[in-house]
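run_18.tsv follows; it contains TSV, C-alpha atoms.
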chain	number	residue	atom	x	y	z
K	34	MET	CA	-43.63	-8.62	68.49
K	35	ARG	CA	-41.96	-7.13	65.48
K	36	THR	CA	-43.93	-4.22	64.06
K	37	TRP	CA	-43.61	-2.93	60.54
K	38	GLU	CA	-42.51	0.71	60.34
K	39	ILE	CA	-41.60	2.65	57.23
K	40	ASP	CA	-40.44	6.16	56.54
K	41	ASP	CA	-40.91	6.45	52.79
K	42	ASN	CA	-42.45	9.92	52.65
K	43	LYS	CA	-39.11	11.65	52.52
K	44	ALA	CA	-37.96	9.42	49.66
K	45	LEU	CA	-41.17	9.71	47.65
K	46	PRO	CA	-42.19	13.27	46.77
K	47	SER	CA	-45.36	13.64	44.75
K	48	ASP	CA	-43.85	15.52	41.80
K	49	LEU	CA	-42.23	13.82	38.81
K	50	VAL	CA	-39.41	16.28	38.16
K	51	ARG	CA	-36.68	13.69	38.69
K	52	GLU	CA	-38.27	11.09	36.45
K	53	GLN	CA	-39.12	13.61	33.71
K	54	ASP	CA	-35.59	15.01	33.73
K	55	PHE	CA	-34.14	11.55	33.24
K	56	ILE	CA	-36.59	10.77	30.42
K	57	LEU	CA	-35.40	13.92	28.62
K	58	GLN	CA	-31.79	12.84	29.14
K	59	VAL	CA	-32.47	9.37	27.68
K	60	ARG	CA	-34.27	10.89	24.70
K	61	ARG	CA	-31.30	13.15	24.04
K	62	LEU	CA	-28.92	10.19	24.13
K	63	GLN	CA	-31.13	8.35	21.67
K	64	ARG	CA	-31.03	11.27	19.25
K	65	LEU	CA	-27.24	11.50	19.55
K	66	GLY	CA	-26.87	7.81	18.75
K	67	THR	CA	-23.52	7.56	20.54
K	68	ALA	CA	-22.61	4.59	22.72
K	69	HIS	CA	-23.32	4.97	26.44
K	70	LEU	CA	-23.45	2.64	29.44
K	71	VAL	CA	-26.53	3.02	31.66
K	72	ILE	CA	-27.00	1.36	35.05
K	73	ASN	CA	-29.95	1.33	37.45
K	74	LEU	CA	-29.16	0.70	41.13
K	75	VAL	CA	-32.31	-0.57	42.87
K	76	LEU	CA	-31.40	0.61	46.36
K	77	SER	CA	-34.95	-0.08	47.58
K	78	ALA	CA	-34.26	-3.83	47.13
K	79	ILE	CA	-31.28	-3.75	49.52
K	80	GLU	CA	-32.30	-4.34	53.13
K	81	SER	CA	-29.87	-1.96	54.82
K	82	PHE	CA	-30.96	0.97	52.62
K	83	ALA	CA	-34.68	0.11	52.59
K	84	LYS	CA	-34.78	0.14	56.40
K	85	SER	CA	-32.75	3.28	57.08
K	86	GLN	CA	-33.24	6.70	55.50
K	87	GLY	CA	-29.85	7.73	56.85
K	88	ALA	CA	-28.08	4.81	55.20
K	89	LEU	CA	-29.93	5.51	51.95
K	90	GLU	CA	-28.89	9.17	51.88
K	91	ALA	CA	-25.28	8.26	52.69
K	92	VAL	CA	-25.01	5.80	49.80
K	93	GLN	CA	-26.72	8.25	47.45
K	94	GLN	CA	-24.06	10.84	48.31
K	95	GLN	CA	-21.36	8.22	47.76
K	96	LEU	CA	-22.77	7.33	44.35
K	97	GLN	CA	-23.12	10.95	43.35
K	98	GLU	CA	-19.43	11.52	44.13
K	99	PHE	CA	-18.46	8.37	42.26
K	100	ALA	CA	-20.41	9.47	39.17
K	101	LYS	CA	-18.71	12.88	39.29
K	102	VAL	CA	-15.21	11.40	39.57
K	103	THR	CA	-15.83	8.95	36.72
K	104	GLN	CA	-17.49	11.60	34.51
K	105	GLY	CA	-20.90	10.00	34.71
K	106	ALA	CA	-24.35	11.58	34.87
K	107	TYR	CA	-26.18	10.85	38.14
K	108	ALA	CA	-30.00	10.69	38.26
K	109	GLU	CA	-32.00	9.97	41.42
K	110	MET	CA	-35.57	8.70	41.24
K	111	SER	CA	-38.31	9.75	43.65
K	112	ASN	CA	-38.14	6.48	45.60
K	113	GLY	CA	-34.36	6.76	46.06
K	114	ASP	CA	-33.20	4.39	43.30
K	115	ILE	CA	-30.38	5.63	41.07
K	116	PHE	CA	-29.44	5.78	37.39
K	117	ILE	CA	-25.87	6.56	36.28
K	118	VAL	CA	-24.94	7.13	32.64
K	119	TRP	CA	-21.40	7.09	31.19
K	120	GLU	CA	-20.18	7.70	27.67
K	121	ALA	CA	-18.66	4.46	26.37
K	122	LYS	CA	-14.88	4.62	26.86
K	123	PRO	CA	-12.13	2.07	27.59
K	124	GLY	CA	-12.51	0.61	31.09
K	125	ILE	CA	-16.08	1.79	31.52
K	126	GLN	CA	-17.45	-1.78	31.77
K	127	ALA	CA	-15.64	-2.29	35.08
K	128	LEU	CA	-17.44	0.57	36.84
K	129	PRO	CA	-20.67	-1.30	37.84
K	130	ALA	CA	-18.66	-3.97	39.66
K	131	ARG	CA	-16.63	-1.27	41.42
K	132	ILE	CA	-19.83	0.37	42.60
K	133	VAL	CA	-21.22	-2.87	44.02
K	134	GLU	CA	-17.93	-3.52	45.82
K	135	ALA	CA	-17.96	0.02	47.23
K	136	ILE	CA	-21.52	0.09	48.58
K	137	LEU	CA	-21.76	-3.60	49.54
K	138	PRO	CA	-18.20	-4.78	50.31
K	139	ASN	CA	-19.35	-8.12	51.74
K	140	ASN	CA	-21.96	-8.82	49.07
K	141	LYS	CA	-22.39	-12.46	48.04
K	142	ALA	CA	-25.88	-12.15	46.59
K	143	ASP	CA	-26.97	-12.20	42.99
K	144	THR	CA	-26.37	-8.61	41.86
K	145	SER	CA	-29.11	-8.86	39.21
K	146	ARG	CA	-31.58	-8.18	42.05
K	147	PHE	CA	-30.38	-4.63	42.45
K	148	LEU	CA	-28.12	-3.83	39.47
K	149	LEU	CA	-29.54	-3.45	35.95
K	150	ILE	CA	-27.21	-2.68	33.03
K	151	TRP	CA	-28.05	-1.40	29.55
K	152	HIS	CA	-26.24	-0.04	26.51
K	153	MET	CA	-27.43	2.95	24.51
K	154	PRO	CA	-28.68	3.42	21.87
K	155	GLN	CA	-29.77	-0.21	21.35
K	156	ASP	CA	-31.40	-0.54	24.78
K	157	TYR	CA	-33.46	2.64	24.58
K	158	THR	CA	-36.80	0.77	24.85
K	159	PRO	CA	-36.09	-1.18	28.07
K	160	ILE	CA	-34.57	1.94	29.66
K	161	ARG	CA	-37.72	3.91	28.89
K	162	GLU	CA	-39.89	1.08	30.24
K	163	ARG	CA	-37.88	1.08	33.44
K	164	THR	CA	-38.22	4.85	33.76
K	165	ASN	CA	-41.95	4.55	33.16
K	166	TYR	CA	-42.05	2.19	36.15
K	167	TYR	CA	-40.67	4.97	38.36
K	168	VAL	CA	-43.15	7.43	36.90
K	169	GLU	CA	-46.00	5.04	37.78
K	170	LEU	CA	-44.60	4.58	41.27
K	171	ALA	CA	-44.36	8.30	41.96
K	172	GLN	CA	-47.83	8.91	40.53
K	173	THR	CA	-49.27	6.16	42.73
K	174	VAL	CA	-47.69	7.61	45.86
K	175	SER	CA	-49.22	10.95	44.95
K	176	THR	CA	-52.59	9.25	44.41
K	177	LEU	CA	-52.42	7.68	47.85
K	178	GLY	CA	-52.38	11.13	49.39
K	179	THR	CA	-55.64	12.01	47.60
K	180	GLY	CA	-57.68	8.93	48.35
K	181	GLY	CA	-56.30	6.08	46.20
K	182	SER	CA	-57.13	2.78	47.89
K	183	PRO	CA	-54.53	0.04	48.54
K	184	ALA	CA	-56.71	-2.34	46.48
K	185	GLN	CA	-56.31	-0.05	43.43
K	186	VAL	CA	-52.68	0.73	44.03
K	187	LEU	CA	-51.63	-2.92	44.38
K	188	LYS	CA	-52.99	-3.70	40.91
K	189	SER	CA	-51.16	-0.78	39.27
K	190	GLU	CA	-47.77	-0.79	37.55
K	191	ALA	CA	-46.28	0.73	40.70
K	192	ALA	CA	-46.80	-2.61	42.44
K	193	ARG	CA	-44.67	-4.55	39.97
K	194	GLY	CA	-41.43	-6.37	40.77
K	195	GLU	CA	-39.84	-7.26	44.08
K	196	LEU	CA	-41.31	-6.36	47.44
K	197	THR	CA	-40.42	-2.97	48.88
K	198	ALA	CA	-41.20	-1.36	52.24
K	199	TRP	CA	-43.87	0.65	50.45
K	200	SER	CA	-45.60	-2.38	48.82
K	201	VAL	CA	-45.55	-4.37	52.09
K	202	ASP	CA	-47.15	-1.40	53.82
K	203	GLN	CA	-49.87	-1.27	51.13
K	204	ILE	CA	-50.56	-5.00	51.55
K	205	GLY	CA	-50.86	-4.47	55.29
K	206	LYS	CA	-53.48	-1.78	54.72
K	207	LEU	CA	-55.31	-4.04	52.26
K	208	LEU	CA	-55.42	-6.92	54.75
K	209	GLY	CA	-57.12	-4.60	57.20
K	210	GLU	CA	-59.87	-3.88	54.65
K	211	ILE	CA	-60.75	-7.34	53.29
K	212	ASP	CA	-62.37	-10.43	54.79
K	213	LEU	CA	-59.64	-13.07	54.99
K	214	ARG	CA	-62.24	-15.82	55.32
K	215	ARG	CA	-62.67	-15.59	51.56
K	216	TYR	CA	-59.12	-16.91	51.21
K	217	GLY	CA	-59.36	-19.53	53.94
K	218	ARG	CA	-58.57	-23.08	52.78
K	219	THR	CA	-58.37	-26.45	54.51
K	220	GLN	CA	-56.59	-29.71	53.76
K	221	PRO	CA	-57.04	-32.84	55.88
K	222	ILE	CA	-54.31	-34.89	57.52
K	223	TYR	CA	-55.20	-38.57	57.19
K	224	ARG	CA	-54.32	-41.68	59.19
K	225	HIS	CA	-53.75	-44.85	57.16
K	226	GLU	CA	-55.71	-47.67	58.77
K	227	SER	CA	-54.71	-51.33	58.87
K	228	THR	CA	-57.66	-52.04	56.57
K	229	GLY	CA	-56.08	-49.84	53.86
K	230	THR	CA	-58.62	-47.05	54.28
K	231	TRP	CA	-57.91	-43.41	55.09
K	232	GLN	CA	-59.36	-41.69	58.14
K	233	PRO	CA	-59.20	-37.86	58.41
K	234	VAL	CA	-57.92	-36.88	61.86
K	235	CYS	CA	-57.61	-33.08	61.57
K	236	GLU	CA	-57.50	-30.24	59.06
K	237	GLU	CA	-54.83	-27.71	58.31
K	238	TYR	CA	-56.44	-24.27	58.03
K	239	PHE	CA	-54.51	-21.64	56.10
K	240	VAL	CA	-54.89	-18.47	54.10
K	241	SER	CA	-54.16	-19.21	50.46
K	242	PHE	CA	-51.23	-16.95	49.62
K	243	GLU	CA	-51.51	-18.09	46.01
K	244	ASP	CA	-55.12	-16.93	45.64
K	245	LEU	CA	-54.49	-13.71	47.56
K	246	HIS	CA	-51.51	-12.96	45.35
K	247	ARG	CA	-53.31	-13.73	42.10
K	248	GLU	CA	-56.38	-11.64	42.91
K	249	ARG	CA	-54.99	-8.74	44.90
K	250	PHE	CA	-51.36	-7.98	43.90
K	251	PRO	CA	-50.54	-10.13	40.85
K	252	LYS	CA	-47.59	-8.06	39.63
K	253	LEU	CA	-45.52	-8.38	42.81
K	254	ASP	CA	-42.76	-10.94	43.31
K	255	LEU	CA	-43.46	-12.00	46.90
K	256	ILE	CA	-40.36	-14.10	47.57
K	257	THR	CA	-37.65	-11.46	47.34
K	258	PRO	CA	-36.11	-9.81	49.23
K	259	GLU	CA	-36.44	-12.49	51.92
K	260	HIS	CA	-36.59	-10.14	54.93
K	261	LEU	CA	-39.62	-8.37	53.45
K	262	PHE	CA	-41.30	-11.67	52.59
K	263	LEU	CA	-40.89	-12.82	56.21
K	264	ALA	CA	-42.26	-9.50	57.43
K	265	LEU	CA	-45.24	-9.98	55.11
K	266	CYS	CA	-45.84	-13.49	56.51
K	267	GLU	CA	-45.82	-12.16	60.06
K	268	MET	CA	-48.22	-9.40	59.05
K	269	LEU	CA	-50.58	-11.98	57.55
K	270	ASP	CA	-50.32	-14.00	60.78
K	271	GLN	CA	-51.48	-11.02	62.81
K	272	HIS	CA	-54.49	-10.44	60.58
K	273	LEU	CA	-55.34	-14.15	60.66
K	274	LEU	CA	-55.22	-14.17	64.46
K	275	THR	CA	-57.42	-11.07	64.60
K	276	MET	CA	-59.91	-12.64	62.19
K	277	LEU	CA	-60.07	-15.88	64.22
K	278	THR	CA	-60.46	-13.90	67.46
K	279	ASN	CA	-63.35	-11.90	66.01
K	280	ARG	CA	-64.86	-14.91	64.20
K	281	PRO	CA	-64.25	-17.88	66.53
K	282	GLU	CA	-66.96	-19.88	64.78
K	283	THR	CA	-64.57	-20.24	61.82
K	284	ILE	CA	-62.69	-23.04	63.59
K	285	ALA	CA	-64.86	-23.74	66.66
K	286	GLY	CA	-65.19	-27.40	67.60
K	287	ARG	CA	-62.87	-28.57	64.81
K	288	ALA	CA	-59.58	-30.45	65.05
K	289	ILE	CA	-57.55	-27.79	63.29
K	290	ARG	CA	-53.91	-26.95	62.58
K	291	LEU	CA	-52.68	-23.39	61.98
K	292	ASN	CA	-49.39	-22.10	60.60
K	293	LEU	CA	-47.89	-19.24	62.62
K	294	SER	CA	-44.45	-17.69	62.95
K	295	VAL	CA	-42.73	-17.83	66.32
K	296	ARG	CA	-42.90	-14.05	66.73
K	297	SER	CA	-46.65	-14.13	66.10
K	298	ILE	CA	-47.09	-16.62	68.93
K	299	MET	CA	-45.27	-14.28	71.29
K	300	SER	CA	-47.54	-11.36	70.31
K	301	SER	CA	-50.47	-9.66	72.03
K	302	ASN	CA	-52.74	-10.75	69.16
K	303	PHE	CA	-52.03	-14.37	70.02
K	304	ALA	CA	-52.81	-13.70	73.70
K	305	LEU	CA	-56.20	-12.25	72.69
K	306	PHE	CA	-56.88	-15.27	70.49
K	307	THR	CA	-56.03	-17.65	73.33
K	308	ARG	CA	-58.41	-15.94	75.75
K	309	GLY	CA	-61.26	-16.55	73.31
K	310	VAL	CA	-60.68	-20.33	73.15
K	311	PRO	CA	-62.22	-22.33	76.02
K	312	THR	CA	-59.55	-24.23	77.95
K	313	ASP	CA	-61.23	-27.59	77.35
K	314	LYS	CA	-61.24	-26.96	73.56
K	315	ARG	CA	-57.61	-25.98	73.14
K	316	GLY	CA	-56.48	-29.57	72.68
K	317	LEU	CA	-58.27	-29.56	69.33
K	318	ILE	CA	-56.01	-26.80	68.01
K	319	GLY	CA	-52.39	-27.25	66.93
K	320	PHE	CA	-49.84	-24.75	65.69
K	321	GLU	CA	-47.23	-25.54	63.05
K	322	LEU	CA	-43.90	-23.73	63.46
K	323	HIS	CA	-41.70	-23.49	60.37
K	324	ARG	CA	-38.29	-25.10	60.87
K	325	GLY	CA	-36.79	-21.83	59.52
K	326	ASP	CA	-37.85	-20.15	62.78
K	327	LEU	CA	-35.95	-22.81	64.68
K	328	PHE	CA	-32.76	-22.11	62.74
K	329	GLN	CA	-33.10	-18.32	62.95
K	330	ASP	CA	-33.86	-18.03	66.67
K	331	PHE	CA	-33.45	-21.23	68.64
K	332	ALA	CA	-34.20	-19.71	72.06
K	333	LEU	CA	-37.33	-17.90	70.89
K	334	THR	CA	-38.65	-21.05	69.20
K	335	LEU	CA	-38.21	-23.08	72.39
K	336	ALA	CA	-39.99	-20.33	74.30
K	337	ALA	CA	-42.88	-20.38	71.80
K	338	ILE	CA	-43.19	-24.17	72.12
K	339	GLY	CA	-43.37	-23.76	75.88
K	340	VAL	CA	-46.08	-21.08	75.61
K	341	LEU	CA	-48.20	-23.23	73.31
K	342	HIS	CA	-48.02	-26.28	75.54
K	343	ASN	CA	-48.67	-24.25	78.67
K	344	GLU	CA	-51.83	-22.90	77.05
K	345	GLY	CA	-52.97	-26.42	76.14
K	346	PHE	CA	-52.35	-26.36	72.36
K	347	LYS	CA	-50.61	-28.99	70.24
K	348	VAL	CA	-47.31	-28.13	68.52
K	349	ALA	CA	-45.68	-29.27	65.27
K	350	ILE	CA	-42.36	-28.54	63.59
K	351	ASP	CA	-43.24	-27.95	59.95
K	352	SER	CA	-41.36	-28.15	56.63
K	353	VAL	CA	-38.55	-30.50	57.64
K	354	THR	CA	-36.95	-32.07	54.58
K	355	PRO	CA	-35.68	-35.67	54.56
K	356	ASP	CA	-32.05	-34.63	54.06
K	357	MET	CA	-32.14	-32.64	57.33
K	358	LEU	CA	-32.94	-35.65	59.46
K	359	SER	CA	-29.35	-36.88	59.70
K	360	TYR	CA	-28.26	-33.58	61.21
K	361	LEU	CA	-31.14	-32.79	63.58
K	362	ASN	CA	-32.18	-34.66	66.71
K	363	LEU	CA	-35.85	-33.76	66.38
K	364	THR	CA	-36.88	-36.09	69.20
K	365	SER	CA	-35.27	-33.66	71.66
K	366	PHE	CA	-37.98	-31.09	70.97
K	367	ASP	CA	-41.16	-31.19	73.03
K	368	VAL	CA	-43.52	-31.28	70.05
K	369	ASP	CA	-46.46	-33.47	69.16
K	370	THR	CA	-45.82	-33.73	65.42
K	371	ILE	CA	-42.95	-33.46	62.95
K	372	LYS	CA	-43.98	-32.78	59.36
K	373	ILE	CA	-41.69	-34.08	56.63
K	374	ASN	CA	-41.87	-32.58	53.13
K	375	VAL	CA	-41.99	-35.51	50.70
K	376	SER	CA	-42.92	-33.65	47.51
K	377	LYS	CA	-41.97	-35.14	44.16
K	378	ASP	CA	-38.56	-33.44	44.08
K	379	ARG	CA	-37.67	-34.88	47.51
K	380	ALA	CA	-39.17	-38.36	47.36
K	381	ALA	CA	-35.93	-40.01	46.13
K	382	GLN	CA	-34.23	-39.00	49.39
K	383	LEU	CA	-36.45	-41.50	51.21
K	384	ASP	CA	-34.51	-44.35	49.56
K	385	ASP	CA	-31.33	-43.34	51.38
K	386	PRO	CA	-30.60	-45.88	54.19
K	387	VAL	CA	-29.20	-43.10	56.42
K	388	ILE	CA	-32.41	-41.09	56.10
K	389	GLN	CA	-34.50	-44.22	56.69
K	390	LYS	CA	-32.52	-44.89	59.88
K	391	SER	CA	-33.05	-41.29	61.02
K	392	LEU	CA	-36.79	-41.60	60.42
K	393	GLY	CA	-36.78	-44.82	62.42
K	394	ARG	CA	-35.51	-42.97	65.50
K	395	ILE	CA	-38.64	-40.81	65.58
K	396	PRO	CA	-41.85	-42.41	66.94
K	397	ALA	CA	-44.08	-43.11	63.94
K	398	GLU	CA	-47.09	-41.53	65.64
K	399	LYS	CA	-45.26	-38.19	65.61
K	400	LEU	CA	-44.49	-38.17	61.88
K	401	VAL	CA	-46.60	-36.69	59.09
K	402	PHE	CA	-45.55	-37.01	55.47
K	403	PHE	CA	-46.95	-33.86	53.87
K	404	ARG	CA	-47.02	-32.62	50.28
K	405	CYS	CA	-47.45	-36.27	49.47
K	406	ASP	CA	-48.18	-35.78	45.79
K	407	ASN	CA	-46.46	-38.88	44.37
K	408	GLU	CA	-46.72	-42.66	44.68
K	409	ARG	CA	-43.02	-43.02	45.43
K	410	ALA	CA	-43.31	-41.04	48.68
K	411	LEU	CA	-46.53	-42.79	49.68
K	412	SER	CA	-45.06	-46.23	49.09
K	413	ALA	CA	-41.85	-45.37	50.96
K	414	GLY	CA	-43.83	-43.97	53.89
K	415	LEU	CA	-46.02	-47.04	54.22
K	416	LYS	CA	-42.97	-49.32	54.14
K	417	LEU	CA	-41.41	-47.24	56.93
K	418	GLY	CA	-44.55	-47.61	59.05
K	419	ILE	CA	-45.68	-43.99	58.69
K	420	LYS	CA	-49.36	-43.61	59.60
K	421	TYR	CA	-50.11	-39.95	58.88
K	422	PHE	CA	-50.09	-38.34	55.44
K	423	GLN	CA	-51.22	-35.09	53.84
K	424	GLY	CA	-51.35	-34.09	50.18
K	425	TRP	CA	-53.50	-34.04	47.07
K	426	LEU	CA	-52.62	-37.66	46.25
K	427	ILE	CA	-54.01	-38.73	49.65
K	428	ASP	CA	-57.08	-36.52	49.11
K	429	ASP	CA	-57.77	-38.31	45.83
K	430	THR	CA	-57.06	-41.77	47.21
K	431	ALA	CA	-59.31	-41.21	50.23
K	432	GLN	CA	-62.17	-40.13	47.97
K	433	ILE	CA	-61.78	-43.22	45.79
K	434	ASN	CA	-61.76	-45.51	48.85
K	435	LYS	CA	-64.94	-44.05	50.33
Target format structure tokens, applied to this file:
Amino acid sequence: MRTWEIDDNKALPSDLVREQDFILQVRRLQRLGTAHLVINLVLSAIESFAKSQGALEAVQQQLQEFAKVTQGAYAEMSNGDIFIVWEAKPGIQALPARIVEAILPNNKADTSRFLLIWHMPQDYTPIRERTNYYVELAQTVSTLGTGGSPAQVLKSEAARGELTAWSVDQIGKLLGEIDLRRYGRTQPIYRHESTGTWQPVCEEYFVSFEDLHRERFPKLDLITPEHLFLALCEMLDQHLLTMLTNRPETIAGRAIRLNLSVRSIMSSNFALFTRGVPTDKRGLIGFELHRGDLFQDFALTLAAIGVLHNEGFKVAIDSVTPDMLSYLNLTSFDVDTIKINVSKDRAAQLDDPVIQKSLGRIPAEKLVFFRCDNERALSAGLKLGIKYFQGWLIDDTAQINK
């Protein structure tokens, strides 16, 4: 089981000397009115530096030396992020790219995630707003030491922008304090009968990330960086398993499907959950494994599938897209269900004869067309002999046909 560990204390002192010093510097530049180039390097958004204090300190030293050699002014924020300011001179515009190449020689990512560039004096306002963000962050960290709750902190300006090790840690603490049942949602999977009616066969039970995000940490961008988002998903899995272990009545006696990461299935929390489910009831419960887990760790995914079947649970591979079918032999996996994403932006792929042939190789009783939110996907699925569907369009159609 992967655990989440952070060591932010060293990088986040409670005083605001660094931030205040930089604010004074920016104010002075504004009064001078001369042209300057200002960059902000968001080191906390780069995985290798966010995970290792040693790597962070090494790159800070490297940047400090670079600023000195290029006659720039170096300013370090309390969380470890950096500002560098240069007086506008010929060739100065090439320096940000040189920095990125120096600290991330193999970088192929969008640099806008971790490199912000401004020009003084015209960009004084956004620079001050950015500095205010660091002030809020440092103040919040100080507040945490004197009793500030994660619920309060995650709604503050400090919890704005991309995920960081600090914000993921705060969300983890929050999840331990709230009742996740409030965010529990279900959506049926239906079987299409020969009479044209829809019969619900099971329900997918999930924690609504959308509602949790909107109510609890609305200012955070949860998708980036990806490694922190995946860590957050695994953390949510662990809390969900704990909640279901402590509140077995939540899903007792129901044909239910749960989304879990592979690492969560191999965890002690999952073992505790399994012990609480009677052996003769385990066939009602299925677990959906994201196809991303399969691609990231093939051996571990196969091991997780084996564990689930040995314990008597059903298994699905989730979030397969139609265009993947020509490249994956999904029938070789010992799973009960394969869920195909047929949302509106993917429905046209179902018209491809190659994709139709690939679908035809998979037993129809194993296939579920999910995110079926459009008539095109529904019609294509029925023509292909698909029996199982999930999505708001099916929800609406089933209600009408009652």
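Counting from CA of Thr158 (chain K), the distance to CA of Leu255 (chain K) is 26.3 Å.
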Given the choices K:Leu426, K:Ile419, K:Ile79, K:Ile373, which gets closest to Glu226 (chain K) if the distance is worked out from only C-alpha atoms?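 With only C-alpha atoms as the atom set, the closest residue is K:Ile419.
Put simply, CA of Leu333 (chain K) is 10.7 Å away from CA of Ser294 (chain K).
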One decimal, in Å: what's the spacing between CA of Pro159 (chain K) and CA of Gln172 (chain K)? 19.9 Å
Nearest residue to Glu195 (chain K) out of K:Gly113, K:Pro233, K:Gly105, K:Pro258, using only C-alpha atoms?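 Checking each candidate against Glu195 (chain K), we get K:Pro258 as the closest.
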Tell me which protein, DNA and RNA residues are within 10 Å of Gln232 (chain K), counting only C-alpha atoms, leaving out same-chain ones fewer than 3 positions away, and put them as number ranges by chain. K: 221-226, 229, 235, 421, 431, 435
Can you pull out the residues contacting Lys390 (chain K)? Cut-off 10 Å, using all atoms listed in the file, and skip same-chain residues under 4 positions away; I want them as a list of chain:residue names. K:Leu358, K:Ser359, K:Asp385, K:Pro386, K:Arg394, K:Ile395, K:Leu417
Once you have the residues from the selection above, write them out as a tab-separated table (two decimals), keeping the file's coordinate frame, restricted to C-alpha atoms.
chain	number	residue	atom	x	y	z
K	358	LEU	CA	-32.94	-35.65	59.46
K	359	SER	CA	-29.35	-36.88	59.70
K	385	ASP	CA	-31.33	-43.34	51.38
K	386	PRO	CA	-30.60	-45.88	54.19
K	394	ARG	CA	-35.51	-42.97	65.50
K	395	ILE	CA	-38.64	-40.81	65.58
K	417	LEU	CA	-41.41	-47.24	56.93
Step by step, gather every atom of region 111-126 of chain K that the file lists, find the box along x, y and z that holds them, add 5 Å on each side, and finally give centre and edge lengths in Å to one decimal, as AutoDock Vina command-line options.
--center_x -25.2 --center_y 4.0 --center_z 36.2 --size_x 36.2 --size_y 21.5 --size_z 29.7
Which residues, written as a list of chain:residue names, have at least one atom at most 10 Å from Val387 (chain K), with only C-alpha atoms counted and residues fewer than 4 positions away on the same chain left out?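 Counting only C-alpha atoms, the residues come to K:Asp356, K:Leu358, K:Ser359, K:Gln382, K:Leu383, K:Ser391, K:Leu392, K:Gly393.
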